[in-house]
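Asker: Just model14.txt, nothing more (compact mmCIF, C-alpha atoms):
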# COMPACT_ATOMS: atom_id res chain seq x y z
CA MET U 718 200.61 140.40 65.67
CA GLY U 719 197.36 139.55 63.75
CA GLU U 720 196.93 137.44 60.70
CA SER U 721 197.88 138.94 57.40
CA PRO U 722 195.17 139.54 54.80
CA ALA U 723 196.75 136.85 52.64
CA ALA U 724 196.33 134.27 55.43
CA GLY U 725 192.61 135.05 55.63
CA VAL U 726 192.23 134.66 51.87
CA ILE U 727 194.15 131.38 51.97
CA GLN U 728 191.92 130.05 54.75
CA GLN U 729 188.81 131.09 52.84
CA LEU U 730 190.09 129.40 49.69
CA GLN U 731 190.93 126.24 51.66
CA ALA U 732 187.43 126.20 53.14
CA GLU U 733 185.92 126.63 49.66
CA LEU U 734 188.17 123.85 48.35
CA ARG U 735 187.01 121.50 51.15
CA ALA U 736 183.39 122.36 50.39
CA ALA U 737 183.98 121.75 46.68
CA ARG U 738 185.63 118.38 47.42
CA ILE U 739 182.70 117.36 49.61
CA GLU U 740 180.24 118.41 46.89
CA ALA U 741 182.27 116.52 44.26
CA GLN U 742 182.25 113.38 46.43
CA ARG U 743 178.49 113.70 46.94
CA HIS U 744 178.00 113.98 43.17
CA LYS U 745 180.28 110.99 42.63
CA LEU U 746 178.23 108.88 45.06
CA GLU U 747 174.95 110.00 43.48
CA THR U 748 176.30 109.16 40.03
CA GLU U 749 177.38 105.69 41.17
CA GLU U 750 173.94 105.11 42.69
CA LEU U 751 172.21 106.19 39.49
CA ARG U 752 174.46 103.92 37.43
CA ARG U 753 173.62 100.99 39.71
CA ARG U 754 169.90 101.70 39.38
CA VAL U 755 170.06 102.13 35.62
CA GLY U 756 172.10 98.95 35.28
CA LYS U 757 169.31 96.91 36.81
CA PRO U 758 166.71 95.73 34.31
CA ASP U 759 163.27 97.13 34.78
CA PRO U 760 161.05 94.22 35.90
CA ARG U 761 158.38 95.38 33.49
CA VAL U 762 160.66 94.82 30.50
CA GLU U 763 160.62 91.02 30.83
CA ARG U 764 156.85 90.99 31.14
CA LEU U 765 156.45 93.31 28.17
CA GLU U 766 158.86 91.24 26.07
CA ALA U 767 156.86 88.10 26.85
CA GLU U 768 153.64 89.90 25.93
CA LEU U 769 155.21 91.14 22.70
CA LYS U 770 156.30 87.61 21.80
CA ARG U 771 152.80 86.30 22.49
CA VAL U 772 151.20 89.01 20.35
CA ARG U 773 153.65 88.38 17.50
CA GLU U 774 152.87 84.65 17.59
CA GLU U 775 149.15 85.40 17.63
CA LEU U 776 149.59 87.77 14.69
CA ALA U 777 151.46 85.09 12.74
CA GLU U 778 148.62 82.62 13.40
CA VAL U 779 145.98 85.13 12.30
CA ARG U 780 147.95 85.89 9.13
CA ASP U 781 148.15 82.16 8.37
CA GLN U 782 144.39 81.85 8.85
CA ARG U 783 143.84 84.88 6.62
CA ASP U 784 146.04 83.39 3.92
CA GLU U 785 144.15 80.08 4.09
CA LEU U 786 140.83 81.91 3.90
CA LEU U 787 141.97 83.97 0.92
CA ALA U 788 143.20 80.83 -0.83
CA GLY U 789 139.83 79.21 -0.23
CA VAL U 790 137.96 82.27 -1.52
CA ARG U 791 140.15 82.41 -4.65
CA GLU U 792 139.58 78.73 -5.27
CA ALA U 793 135.81 79.17 -4.86
CA VAL U 794 135.79 82.17 -7.23
CA ALA U 795 137.83 80.22 -9.77
CA GLN U 796 135.38 77.31 -9.57
CA LEU U 797 132.39 79.63 -9.98
CA GLU U 798 133.97 81.33 -12.97
CA GLY U 799 134.77 77.96 -14.52
CA LYS U 800 131.16 76.75 -14.31
If you convert what's in this file into structure tokens, what do you get?

Answerer:
Amino acid sequence: MGESPAAGVIQQLQAELRAARIEAQRHKLETEELRRRVGKPDPRVERLEAELKRVREELAEVRDQRDELLAGVREAVAQLEGK
């Protein structure tokens, strides 16, 4: 006696289920790998942060120089107006 039509459908569904489980496991592994890669800091970030700090410090120095220059100019203008 041959297999019943239901047995064939069940086997097909089991094969599809196995394939789906394999695909799900592959996606799980890929997701874990991506999470590991994303979790690692980009080596460029540290360099860029250091560069940003340097530029901010330089900007602060330039602003201080500008403020000193403006104070000197104001003082000179005040002296000229007073004379």

Asker: For the atom pair atom CA of Leu746 of chain U and atom CA of Ile727 of chain U, what is the interatomic distance in Å to one decimal place?

Answerer: 28.4 Å

Asker: Kindly give the distance, in Å, that separates atom CA of Asp781 of chain U and atom CA of Leu769 of chain U, rounded to a single decimal.

Answerer: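 Between these atoms lies a distance of 18.3 Å.
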
Asker: Padding 3 Å on each side, edges along x, y and z: where is the centre of the box around the listed atoms of segment 729-746 of chain U, and how long are its edges in Å to one decimal? Output it as AutoDock Vina command-line options.

Answerer:
--center_x 184.5 --center_y 120.0 --center_z 47.9 --size_x 18.9 --size_y 28.2 --size_z 16.5

Asker: Rounded to one decimal place, report the atom CA of Arg738 of chain U-atom CA of Arg752 of chain U distance in Å.

Answerer: 20.8 Å
